[in-house]
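> Sharing my_file.txt here; it has compact mmCIF, C-alpha atoms and all ligand atoms.
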# COMPACT_ATOMS: atom_id res chain seq x y z
CA MET A 24 -2.09 -39.53 117.69
CA ALA A 25 -1.60 -42.67 119.74
CA ILE A 26 1.65 -43.44 121.51
CA LYS A 27 3.55 -45.99 119.43
CA PHE A 28 6.84 -47.86 120.04
CA GLU A 29 8.91 -48.97 117.05
CA LEU A 30 11.53 -51.66 117.72
CA ILE A 31 14.23 -50.62 115.23
CA LYS A 32 16.89 -53.22 116.04
CA LYS A 33 17.56 -56.08 118.44
CA SER A 34 21.24 -56.56 119.33
CA LYS A 35 22.80 -59.89 118.33
CA LYS A 36 25.32 -59.67 121.18
CA SER A 37 22.98 -58.90 124.09
CA ASN A 38 19.34 -58.18 124.92
CA ALA A 39 19.91 -54.50 124.08
CA ARG A 40 17.32 -52.86 121.78
CA ARG A 41 17.30 -49.71 119.71
CA GLY A 42 13.81 -48.19 119.52
CA ARG A 43 11.73 -45.12 118.78
CA LEU A 44 8.77 -43.95 120.89
CA TYR A 45 6.29 -41.64 119.13
CA THR A 46 4.36 -39.32 121.47
CA PRO A 47 2.10 -36.25 120.96
CA HIS A 48 4.96 -33.98 122.07
CA GLY A 49 7.73 -35.57 120.03
CA VAL A 50 9.71 -38.67 119.10
CA ILE A 51 12.00 -40.33 121.64
CA GLU A 52 15.06 -42.33 120.54
CA THR A 53 15.67 -45.24 122.93
CA PRO A 54 17.50 -46.27 125.05
CA VAL A 55 16.80 -42.92 126.70
CA PHE A 56 17.70 -41.24 129.99
CA MET A 57 14.98 -38.92 131.37
CA PRO A 58 16.24 -36.07 133.60
CA VAL A 59 14.00 -35.73 136.65
CA GLY A 60 11.98 -32.53 136.98
CA THR A 61 10.14 -33.35 140.22
CA GLN A 62 8.49 -29.95 140.79
CA ALA A 63 8.14 -28.97 137.12
CA THR A 64 11.81 -28.06 136.81
CA VAL A 65 14.99 -30.08 136.41
CA LYS A 66 16.74 -28.55 139.39
CA ALA A 67 19.25 -25.80 138.48
CA ILE A 68 19.01 -26.29 134.71
CA MET A 69 17.04 -23.94 132.41
CA HIS A 70 14.75 -25.37 129.74
CA ARG A 71 16.86 -23.91 126.90
CA ASP A 72 19.97 -25.69 128.27
CA LEU A 73 18.02 -28.96 128.55
CA TYR A 74 16.95 -28.65 124.88
CA GLU A 75 20.45 -27.67 123.82
CA MET A 76 22.09 -30.67 125.57
CA GLY A 77 19.73 -33.13 123.85
CA THR A 78 17.06 -33.86 126.47
CA GLN A 79 14.26 -35.84 124.79
CA ILE A 80 11.80 -36.22 127.68
CA ILE A 81 11.66 -35.26 131.37
CA LEU A 82 9.95 -36.84 134.36
CA ALA A 83 7.68 -34.93 136.78
CA ASN A 84 6.24 -36.20 140.07
CA THR A 85 2.47 -36.37 140.53
CA TYR A 86 2.74 -36.48 144.34
CA HIS A 87 4.76 -33.25 144.54
CA LEU A 88 2.74 -31.26 141.98
CA TYR A 89 -0.54 -32.36 143.56
CA LEU A 90 0.65 -31.00 146.91
CA ARG A 91 2.30 -27.89 145.43
CA PRO A 92 1.23 -25.80 143.45
CA GLY A 93 -1.91 -27.96 143.43
CA ILE A 94 -3.77 -29.52 140.50
CA ASP A 95 -6.23 -26.61 140.24
CA VAL A 96 -3.39 -24.26 139.32
CA ILE A 97 -2.01 -26.59 136.63
CA LYS A 98 -5.52 -27.30 135.33
CA GLU A 99 -6.19 -23.58 134.93
CA ALA A 100 -2.85 -23.19 133.12
CA GLY A 101 -4.02 -25.81 130.59
CA GLY A 102 -1.85 -28.69 131.80
CA LEU A 103 1.76 -29.22 132.83
CA HIS A 104 3.35 -28.50 129.43
CA LYS A 105 1.71 -25.05 129.38
CA PHE A 106 2.26 -24.38 133.08
CA MET A 107 6.03 -24.95 132.82
CA ASN A 108 6.23 -24.03 129.11
CA TRP A 109 8.00 -27.33 128.25
CA GLN A 110 7.78 -28.23 124.55
CA LYS A 111 8.89 -31.90 124.62
CA PRO A 112 7.39 -35.11 126.11
CA ILE A 113 6.79 -35.50 129.83
CA LEU A 114 6.41 -38.71 131.85
CA THR A 115 4.67 -38.40 135.19
CA ASP A 116 5.00 -41.05 137.85
CA SER A 117 1.94 -41.97 139.88
CA GLY A 118 3.05 -41.00 143.35
CA GLY A 119 3.16 -44.63 144.45
CA PHE A 120 6.83 -44.44 145.34
CA GLN A 121 6.59 -41.03 147.06
CA VAL A 122 3.53 -41.93 149.10
CA PHE A 123 5.33 -45.04 150.36
CA SER A 124 8.71 -43.39 150.82
CA LEU A 125 8.24 -39.66 151.47
CA SER A 126 5.03 -39.16 153.38
CA LYS A 127 4.62 -40.07 157.04
CA LEU A 128 1.61 -41.60 158.78
CA ARG A 129 0.13 -43.39 155.81
CA THR A 130 -2.68 -45.95 155.91
CA ILE A 131 -3.03 -48.46 153.12
CA THR A 132 -6.43 -50.01 152.35
CA GLU A 133 -7.75 -51.85 149.31
CA ASP A 134 -9.37 -48.61 148.21
CA GLY A 135 -6.17 -46.53 148.33
CA VAL A 136 -3.65 -44.81 150.57
CA GLU A 137 -4.26 -42.09 153.13
CA PHE A 138 -1.13 -40.04 153.77
CA ARG A 139 0.07 -36.80 155.27
CA SER A 140 1.83 -34.20 153.17
CA HIS A 141 5.58 -34.01 153.85
CA ILE A 142 5.19 -30.24 153.36
CA ASP A 143 2.50 -29.25 155.88
CA GLY A 144 1.18 -32.48 157.37
CA SER A 145 -2.23 -32.10 155.71
CA ARG A 146 -4.15 -35.35 155.11
CA HIS A 147 -4.76 -36.70 151.61
CA PHE A 148 -6.16 -39.85 150.03
CA PHE A 149 -4.84 -41.34 146.77
CA THR A 150 -6.79 -44.02 144.98
CA PRO A 151 -5.96 -45.53 141.58
CA GLU A 152 -8.83 -43.50 140.06
CA LYS A 153 -7.70 -40.24 141.70
CA VAL A 154 -4.13 -40.66 140.52
CA ILE A 155 -5.29 -41.26 136.94
CA GLU A 156 -7.50 -38.16 137.11
CA ILE A 157 -4.56 -36.09 138.37
CA GLN A 158 -2.30 -37.29 135.55
CA ASN A 159 -5.06 -36.70 133.01
CA ILE A 160 -5.16 -33.07 134.17
CA LEU A 161 -1.35 -32.83 134.06
CA GLY A 162 -1.61 -33.99 130.44
CA SER A 163 1.72 -35.85 130.44
CA ASP A 164 2.48 -38.07 127.44
CA ILE A 165 3.23 -41.13 129.59
CA ILE A 166 1.43 -41.79 132.88
CA MET A 167 2.08 -44.48 135.47
CA ALA A 168 -0.34 -46.77 137.27
CA PHE A 169 -0.75 -46.42 141.04
CA ASP A 170 1.25 -49.18 142.66
CA GLU A 171 2.65 -50.22 146.01
CA CYS A 172 6.42 -50.02 145.90
CA VAL A 173 7.69 -52.24 148.73
CA PRO A 174 10.92 -51.41 150.60
CA TYR A 175 14.09 -53.54 150.51
CA PRO A 176 14.42 -55.95 152.16
CA CYS A 177 10.85 -57.16 152.23
CA ASP A 178 9.56 -60.60 153.19
CA HIS A 179 8.10 -62.82 150.49
CA GLU A 180 4.60 -62.82 151.95
CA TYR A 181 4.29 -59.03 152.06
CA ALA A 182 5.85 -58.64 148.60
CA LYS A 183 3.29 -61.11 147.24
CA TRP A 184 0.38 -59.35 148.95
CA ALA A 185 1.58 -55.97 147.62
CA LEU A 186 2.01 -57.17 144.02
CA GLU A 187 -1.48 -58.66 144.04
CA ARG A 188 -2.93 -55.36 145.24
CA THR A 189 -0.83 -53.53 142.64
CA ALA A 190 -2.37 -55.81 139.97
CA ARG A 191 -5.91 -55.06 141.22
CA TRP A 192 -5.09 -51.32 141.30
CA LEU A 193 -3.75 -51.53 137.74
CA LYS A 194 -7.12 -52.83 136.51
CA ARG A 195 -8.82 -49.87 138.23
CA CYS A 196 -6.30 -47.45 136.67
CA LYS A 197 -6.88 -48.88 133.20
CA ALA A 198 -10.68 -48.79 133.59
CA HIS A 199 -10.54 -45.14 134.68
CA HIS A 200 -8.09 -43.91 132.02
CA LYS A 201 -10.04 -42.64 129.03
CA ASN A 202 -7.54 -40.38 127.22
CA THR A 203 -5.59 -43.33 125.77
CA GLU A 204 -5.03 -41.57 122.43
CA ASN A 205 -2.87 -38.85 123.98
CA GLN A 206 -1.58 -40.39 127.20
CA ALA A 207 0.05 -43.82 127.39
CA LEU A 208 -0.62 -45.70 130.64
CA PHE A 209 2.32 -47.88 131.74
CA GLY A 210 1.81 -50.71 134.24
CA ILE A 211 4.48 -51.23 136.91
CA VAL A 212 5.99 -54.63 137.69
CA GLN A 213 6.75 -55.18 141.35
CA GLY A 214 7.68 -58.33 143.32
CA SER A 215 10.71 -57.09 145.24
CA THR A 216 13.80 -59.30 144.69
CA TYR A 217 11.94 -62.64 144.42
CA LYS A 218 12.13 -64.22 140.95
CA ASP A 219 8.82 -66.06 141.35
CA LEU A 220 7.04 -62.86 142.40
CA ARG A 221 8.65 -60.81 139.64
CA ILE A 222 7.41 -63.37 137.08
CA GLU A 223 3.91 -63.37 138.58
CA SER A 224 3.75 -59.58 138.71
CA ALA A 225 5.01 -59.28 135.13
CA LYS A 226 2.44 -61.77 133.82
CA ARG A 227 -0.43 -59.98 135.59
CA THR A 228 0.80 -56.62 134.30
CA VAL A 229 1.27 -57.75 130.69
CA GLU A 230 -2.25 -59.26 130.75
CA GLU A 231 -3.55 -55.68 130.69
CA ASP A 232 -1.99 -55.17 127.23
CA LEU A 233 -0.59 -51.67 127.82
CA PRO A 234 1.59 -49.41 125.59
CA GLY A 235 4.58 -49.82 127.91
CA TYR A 236 5.79 -51.47 131.11
CA ALA A 237 7.79 -50.11 134.04
CA ILE A 238 10.00 -52.14 136.32
CA GLY A 239 9.46 -50.69 139.78
CA GLY A 240 10.65 -51.47 143.26
CA LEU A 241 14.32 -51.74 142.31
CA SER A 242 17.30 -49.53 143.04
CA VAL A 243 15.94 -49.27 146.58
CA GLY A 244 19.03 -50.55 148.35
CA GLU A 245 19.32 -54.09 146.97
CA PRO A 246 22.69 -55.30 145.64
CA LYS A 247 23.12 -54.35 141.96
CA GLU A 248 23.57 -58.01 141.00
CA LEU A 249 20.12 -58.75 142.41
CA MET A 250 18.62 -55.88 140.41
CA TYR A 251 20.23 -57.22 137.22
CA GLU A 252 18.89 -60.72 137.97
CA MET A 253 15.36 -59.35 138.26
CA ILE A 254 15.69 -57.53 134.92
CA GLU A 255 16.96 -60.77 133.29
CA VAL A 256 13.97 -62.69 134.63
CA LEU A 257 11.58 -60.15 133.12
CA HIS A 258 13.16 -59.98 129.66
CA PRO A 259 11.31 -62.98 128.14
CA ILE A 260 7.98 -62.03 129.74
CA LEU A 261 7.70 -58.35 128.79
CA PRO A 262 6.57 -58.07 125.13
CA GLU A 263 9.47 -57.03 122.93
CA ASP A 264 7.35 -54.53 120.95
CA ARG A 265 6.62 -52.36 124.01
CA PRO A 266 9.11 -50.10 125.87
CA ARG A 267 10.57 -51.21 129.19
CA TYR A 268 11.18 -48.46 131.76
CA LEU A 269 13.42 -49.11 134.78
CA MET A 270 12.44 -46.61 137.48
CA GLY A 271 15.05 -44.77 139.51
CA VAL A 272 18.15 -45.84 137.56
CA GLY A 273 20.78 -44.60 137.28
CA THR A 274 24.47 -44.26 137.13
CA PRO A 275 26.57 -45.07 134.02
CA ASP A 276 27.38 -48.64 135.11
CA CYS A 277 23.74 -49.44 135.97
CA LEU A 278 22.52 -47.84 132.74
CA TYR A 279 24.92 -49.99 130.66
CA GLU A 280 24.16 -53.25 132.53
CA SER A 281 20.40 -52.59 132.24
CA VAL A 282 20.48 -51.61 128.54
CA ILE A 283 22.25 -54.86 127.62
CA ARG A 284 19.56 -56.72 129.58
CA GLY A 285 16.79 -55.14 127.53
CA VAL A 286 15.75 -51.90 129.25
CA ASP A 287 14.77 -48.90 127.05
CA MET A 288 13.93 -46.01 129.43
CA PHE A 289 15.49 -44.67 132.64
CA ASP A 290 15.10 -41.86 135.14
CA CYS A 291 17.23 -40.94 138.13
CA VAL A 292 17.74 -37.93 140.39
CA PHE A 293 21.31 -38.94 141.20
CA ALA A 294 22.92 -36.96 138.34
CA THR A 295 21.44 -33.62 139.42
CA ARG A 296 21.38 -34.32 143.18
CA THR A 297 25.05 -35.35 143.31
CA ALA A 298 26.02 -32.38 141.11
CA ARG A 299 24.58 -29.96 143.66
CA ASN A 300 26.78 -31.68 146.27
CA GLY A 301 29.86 -31.24 144.07
CA THR A 302 30.30 -34.74 142.60
CA VAL A 303 30.59 -35.03 138.83
CA PHE A 304 30.65 -37.96 136.39
CA THR A 305 33.76 -38.54 134.31
CA LYS A 306 34.84 -41.46 132.11
CA GLU A 307 37.36 -42.38 134.80
CA GLY A 308 34.68 -42.41 137.48
CA ARG A 309 33.30 -39.82 139.89
CA MET A 310 35.22 -36.62 140.69
CA ILE A 311 34.66 -34.78 143.97
CA ILE A 312 35.35 -31.25 142.82
CA LYS A 313 35.78 -29.89 146.38
CA ASN A 314 38.96 -31.94 146.86
CA ALA A 315 42.01 -29.72 147.45
CA GLN A 316 43.81 -31.38 144.53
CA TYR A 317 41.65 -29.30 142.13
CA ALA A 318 42.36 -25.91 143.78
CA LYS A 319 44.81 -24.90 141.00
CA ASP A 320 43.70 -27.36 138.35
CA PHE A 321 42.88 -25.16 135.37
CA ARG A 322 41.63 -27.95 133.11
CA PRO A 323 37.93 -28.59 132.36
CA ILE A 324 36.19 -31.45 134.17
CA GLU A 325 36.66 -33.48 130.96
CA GLU A 326 38.74 -32.46 127.96
CA ASP A 327 36.43 -34.09 125.42
CA CYS A 328 33.09 -33.10 126.99
CA ASP A 329 31.04 -30.81 124.76
CA CYS A 330 28.91 -29.36 127.57
CA TYR A 331 28.74 -25.61 128.33
CA THR A 332 30.55 -26.15 131.63
CA CYS A 333 33.53 -28.04 130.17
CA GLN A 334 33.75 -25.65 127.22
CA ASN A 335 34.00 -22.57 129.46
CA PHE A 336 35.19 -23.28 133.00
CA THR A 337 38.00 -24.95 134.93
CA ARG A 338 37.99 -27.38 137.83
CA ALA A 339 39.56 -24.68 140.01
CA TYR A 340 36.74 -22.23 139.31
CA LEU A 341 34.04 -24.90 139.78
CA ARG A 342 35.67 -26.01 143.06
CA HIS A 343 35.61 -22.40 144.24
CA LEU A 344 31.91 -22.02 143.37
CA ILE A 345 30.93 -25.19 145.24
CA LYS A 346 33.10 -24.33 148.27
CA ALA A 347 31.57 -20.84 148.32
CA GLU A 348 28.09 -22.40 147.94
CA GLU A 349 27.47 -20.23 144.91
CA ILE A 350 24.28 -21.12 142.99
CA LEU A 351 26.26 -21.07 139.74
CA GLY A 352 28.25 -24.07 141.01
CA ALA A 353 25.09 -26.20 141.22
CA ILE A 354 23.99 -24.96 137.79
CA LEU A 355 27.27 -25.70 135.99
CA LEU A 356 27.84 -29.14 137.57
CA SER A 357 24.21 -30.14 136.90
CA ILE A 358 24.65 -29.22 133.25
CA HIS A 359 27.76 -31.39 133.02
CA ASN A 360 26.24 -34.42 134.78
CA VAL A 361 23.04 -34.43 132.73
CA ARG A 362 24.93 -33.88 129.47
CA PHE A 363 27.32 -36.70 130.51
CA LEU A 364 24.41 -39.16 130.89
CA LEU A 365 22.73 -37.97 127.67
CA ARG A 366 26.04 -38.46 125.81
CA PHE A 367 26.40 -41.85 127.48
CA MET A 368 22.99 -42.89 126.12
CA GLU A 369 23.78 -41.44 122.66
CA LYS A 370 26.86 -43.71 122.63
CA LEU A 371 24.84 -46.76 123.73
CA ARG A 372 22.29 -46.11 120.94
CA LYS A 373 25.15 -45.90 118.41
CA ASP A 374 26.83 -49.02 119.89
CA ILE A 375 23.61 -50.98 119.35
CA GLU A 376 23.21 -49.61 115.80
CA GLU A 377 26.81 -50.57 114.96
CA ASP A 378 26.72 -54.00 116.67
CA ARG A 379 29.20 -53.23 119.45
CA ILE A 380 26.82 -54.28 122.26
C1 LIG A 401 16.21 -44.44 143.28
N1 LIG A 401 15.48 -45.68 143.22
C2 LIG A 401 14.18 -45.75 142.86
N2 LIG A 401 13.45 -46.87 142.82
C3 LIG A 401 12.21 -46.53 142.45
C4 LIG A 401 11.06 -47.26 142.31
C5 LIG A 401 9.89 -46.63 141.93
C6 LIG A 401 8.62 -47.39 141.82
O1 LIG A 401 8.59 -48.59 141.98
N3 LIG A 401 7.52 -46.63 141.59
N4 LIG A 401 6.31 -47.23 141.53
C7 LIG A 401 9.89 -45.27 141.65
C8 LIG A 401 11.05 -44.53 141.80
C9 LIG A 401 12.20 -45.16 142.21
N5 LIG A 401 13.45 -44.68 142.49
ZN ZN A 402 31.01 -31.41 130.65
Mind turning this structure into C-alpha cells?

Amino acid sequence: MAIKFELIKKSKKSNARRGRLYTPHGVIETPVFMPVGTQATVKAIMHRDLYEMGTQIILANTYHLYLRPGIDVIKEAGGLHKFMNWQKPILTDSGGFQVFSLSKLRTITEDGVEFRSHIDGSRHFFTPEKVIEIQNILGSDIIMAFDECVPYPCDHEYAKWALERTARWLKRCKAHHKNTENQALFGIVQGSTYKDLRIESAKRTVEEDLPGYAIGGLSVGEPKELMYEMIEVLHPILPEDRPRYLMGVGTPDCLYESVIRGVDMFDCVFATRTARNGTVFTKEGRMIIKNAQYAKDFRPIEEDCDCYTCQNFTRAYLRHLIKAEEILGAILLSIHNVRFLLRFMEKLRKDIEEDRI
C-alpha cells in the first residue's frame, strides 16, 4: 500500500495539525516523536519496552548501518525490520547530516561526497543514487533524500550554493527511487537561517511533489528564535496535506513551539543521550539525578509518570546506579525520558483535538 497522510484537524488557535500517516508497517498518529535508533537499536531500551511505552516509529541512520554491520548483512537478513526484528515503521535518514558532521576528510563534488569512515578511516563515496539504493535495501517505510546540511553559522553565498546542489540531488534521488509504493521519499528543505533561501529551497523541494517534506539544517546551534522563524516562513509553502518533519528536534519546549507552528514529525537523540548522562525530563524542567540532594530522596522521578522507572524505583536508587555507572541506570533513565516525550506528544495530540492549542 502507498504511504498516505490524512490531515484530521487544523487548529483554530495556531498552525498545529492533528494527522495520521499510513505506512506498510503501521499507522502513525501525528504530531509524533520518533526515538532515535542509530545503529538498529534505541540505545539502552529493549524493543518490548519501546512498544509498551507507545513508540509508533523509530529512526535509524543510513550512514552508520552502511559502515557497520554493512548493507550486505542487512540485505541477507531481508531488510532492517527483519534484521533487528522491529515490527513497526522505521524512518531512515540519508546520511547527509552524518557525512557532513561525523566523518573527517570529506570531498564534495556535484556527483557526491567522498568521506572517510569515523570507525576505521576507510574511504567511501555517497551519491544520491547510492544512498537511495542503500535505503531501498534497508526497506524503511520513510526514506530521506541525500542533501547537504550546512553548519551554523554559514554565509549566504555558501548556503545558496548548497541548497541548489541539494535540489539537483533531490531530482536524482527521485529519479532513482522506484519502490514508491512501499517507501515514501521525503525531500529536505535547507537554506540555513536565511528566510529568502529557506523559501527558495522549500519551493524547489515542493516542486518534486513528494509524500512528505523534512526541514533540515536546523537545531545545529542557531538561536531557538531563529529556528522558529524559519519554520514560520515555511508553513505557507509546504503543502498542508503532506507531513512536515523537523530533523533533530527536540526538547519539550522546542517540540511545543514547533507543533504550534505546523510541524508533524520529530526525532532527537537528546532524550536518550542525556539520560545516559543522568539528566531526566520532568514537568518542572530537567533533573540532574547525580546531585547530592537526591541521595536520600525516596520518591520517583515524577509522581504522576506511568513509566516502568517511576512506577518501581526511587531517585535515591537511580542516583546510586548512575554514580556507580551501572548499566541499569542508563536503561531506567532512558525509559523515563522517552516515555516522557511520548506522553508529551500524546498530550499535544489531545490538546489539538480538544482545541486547547
Ligand atoms: C540535533 N540537530 C540536528 N539537526 C539536524 C539536521 C539534519 C539534516 O539537515 N539532515 N539532512 C539531520 C539531523 C539533525 N540533527
Ligand atoms: Zn517516568
> List every residue of region 151-255 of chain A that has an atom at most 10 Å from any atom of region 286-302 of chain A, and for each one report the closest atom pair and its distance in Å to one decimal, counting only C-alpha atoms, with rows sorted by chain and then by increasing residue number, as JSON lines.

{"residue": "A:Tyr236", "atom": "CA", "partner": "A:Met288", "partner_atom": "CA", "distance": 9.9}
{"residue": "A:Ala237", "atom": "CA", "partner": "A:Met288", "partner_atom": "CA", "distance": 8.7}
{"residue": "A:Ile238", "atom": "CA", "partner": "A:Val286", "partner_atom": "CA", "distance": 9.1}
{"residue": "A:Ser242", "atom": "CA", "partner": "A:Cys291", "partner_atom": "CA", "distance": 9.9}
{"residue": "A:Ile254", "atom": "CA", "partner": "A:Val286", "partner_atom": "CA", "distance": 8.0}
{"residue": "A:Glu255", "atom": "CA", "partner": "A:Val286", "partner_atom": "CA", "distance": 9.8}
> Sorted by chain and rising residue number, which residues of region 221-253 of chain A lie within 12 Å of region 107-127 of chain A, and what are their closest atom pairs and distances in Å to one decimal, counting only C-alpha atoms, as a Markdown table?

| residue | atom | partner | partner_atom | distance |
| --- | --- | --- | --- | --- |
| A:Gly235 | CA | A:Leu114 | CA | 11.9 |
| A:Ala237 | CA | A:Asp116 | CA | 10.2 |
| A:Gly239 | CA | A:Phe120 | CA | 8.8 |
| A:Gly240 | CA | A:Phe120 | CA | 8.3 |
| A:Leu241 | CA | A:Phe120 | CA | 10.9 |
| A:Ser242 | CA | A:Phe120 | CA | 11.9 |
| A:Val243 | CA | A:Ser124 | CA | 10.2 |
> Give the answer as one residue: which of A:Asp276, A:Asp134, A:Asp72, A:Asp170 has the shortest atom-to-atom distance to ligand LIG 401 (chain A), using only C-alpha atoms and all ligand atoms?
A:Asp170
> Quick check, in Å to one decimal: how far apart do CA of Tyr86 (chain A) and CA of Ala225 (chain A) lie?
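Spanning CA of Tyr86 (chain A) to CA of Ala225 (chain A) is a straight-line distance of 24.7 Å.
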> Find the distance between CA of Met310 (chain A) and CA of Arg362 (chain A) and write it in Å to one decimal.
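Between CA of Met310 (chain A) and CA of Arg362 (chain A) the gap is 15.5 Å.
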> Give as a ChimeraX atom specification the residues surrounding ligand ZN 402 (chain A) up to a distance of 12 Å, considering only C-alpha atoms and all ligand atoms.
/A:76,298,303-306,322-338,341,354-367
> Store the residues of this selection in a file with C-alpha atoms, as an mmCIF file, in the coordinates of the input.

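Okay, again_35.cif is ready:
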data_model
loop_
_atom_site.group_PDB
_atom_site.id
_atom_site.type_symbol
_atom_site.label_atom_id
_atom_site.label_comp_id
_atom_site.auth_asym_id
_atom_site.auth_seq_id
_atom_site.Cartn_x
_atom_site.Cartn_y
_atom_site.Cartn_z
ATOM 1 C CA MET A 76 22.090 -30.670 125.570
ATOM 2 C CA ALA A 298 26.020 -32.380 141.110
ATOM 3 C CA VAL A 303 30.590 -35.030 138.830
ATOM 4 C CA PHE A 304 30.650 -37.960 136.390
ATOM 5 C CA THR A 305 33.760 -38.540 134.310
ATOM 6 C CA LYS A 306 34.840 -41.460 132.110
ATOM 7 C CA ARG A 322 41.630 -27.950 133.110
ATOM 8 C CA PRO A 323 37.930 -28.590 132.360
ATOM 9 C CA ILE A 324 36.190 -31.450 134.170
ATOM 10 C CA GLU A 325 36.660 -33.480 130.960
ATOM 11 C CA GLU A 326 38.740 -32.460 127.960
ATOM 12 C CA ASP A 327 36.430 -34.090 125.420
ATOM 13 C CA CYS A 328 33.090 -33.100 126.990
ATOM 14 C CA ASP A 329 31.040 -30.810 124.760
ATOM 15 C CA CYS A 330 28.910 -29.360 127.570
ATOM 16 C CA TYR A 331 28.740 -25.610 128.330
ATOM 17 C CA THR A 332 30.550 -26.150 131.630
ATOM 18 C CA CYS A 333 33.530 -28.040 130.170
ATOM 19 C CA GLN A 334 33.750 -25.650 127.220
ATOM 20 C CA ASN A 335 34.000 -22.570 129.460
ATOM 21 C CA PHE A 336 35.190 -23.280 133.000
ATOM 22 C CA THR A 337 38.000 -24.950 134.930
ATOM 23 C CA ARG A 338 37.990 -27.380 137.830
ATOM 24 C CA LEU A 341 34.040 -24.900 139.780
ATOM 25 C CA ILE A 354 23.990 -24.960 137.790
ATOM 26 C CA LEU A 355 27.270 -25.700 135.990
ATOM 27 C CA LEU A 356 27.840 -29.140 137.570
ATOM 28 C CA SER A 357 24.210 -30.140 136.900
ATOM 29 C CA ILE A 358 24.650 -29.220 133.250
ATOM 30 C CA HIS A 359 27.760 -31.390 133.020
ATOM 31 C CA ASN A 360 26.240 -34.420 134.780
ATOM 32 C CA VAL A 361 23.040 -34.430 132.730
ATOM 33 C CA ARG A 362 24.930 -33.880 129.470
ATOM 34 C CA PHE A 363 27.320 -36.700 130.510
ATOM 35 C CA LEU A 364 24.410 -39.160 130.890
ATOM 36 C CA LEU A 365 22.730 -37.970 127.670
ATOM 37 C CA ARG A 366 26.040 -38.460 125.810
ATOM 38 C CA PHE A 367 26.400 -41.850 127.480
#
> Work out how far apart CA of Ser145 (chain A) and CA of Gly93 (chain A) are and give it in Å to one decimal.
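So the answer is 13.0 Å.
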> Within 8 Å of (-2.0, -42.3, 123.6) in the file's own coordinates, which protein, DNA or RNA residues have an atom, counting all atoms listed in the file? List them as a list in words.
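Using all atoms listed in the file, the matching residues come out as Met24, Ala25, Ile26, Lys27, Thr46, Pro47, Asp164, Asn202, Thr203, Glu204, Asn205, Gln206, Ala207 and Leu208 of chain A.
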> From the options A:Ile155, A:Val50, A:Val256, A:Leu220, which residue's atoms come nearest to Leu193 (chain A), counting all atoms listed in the file?
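Using all atoms listed in the file, Leu193 (chain A) sits closest to A:Ile155.
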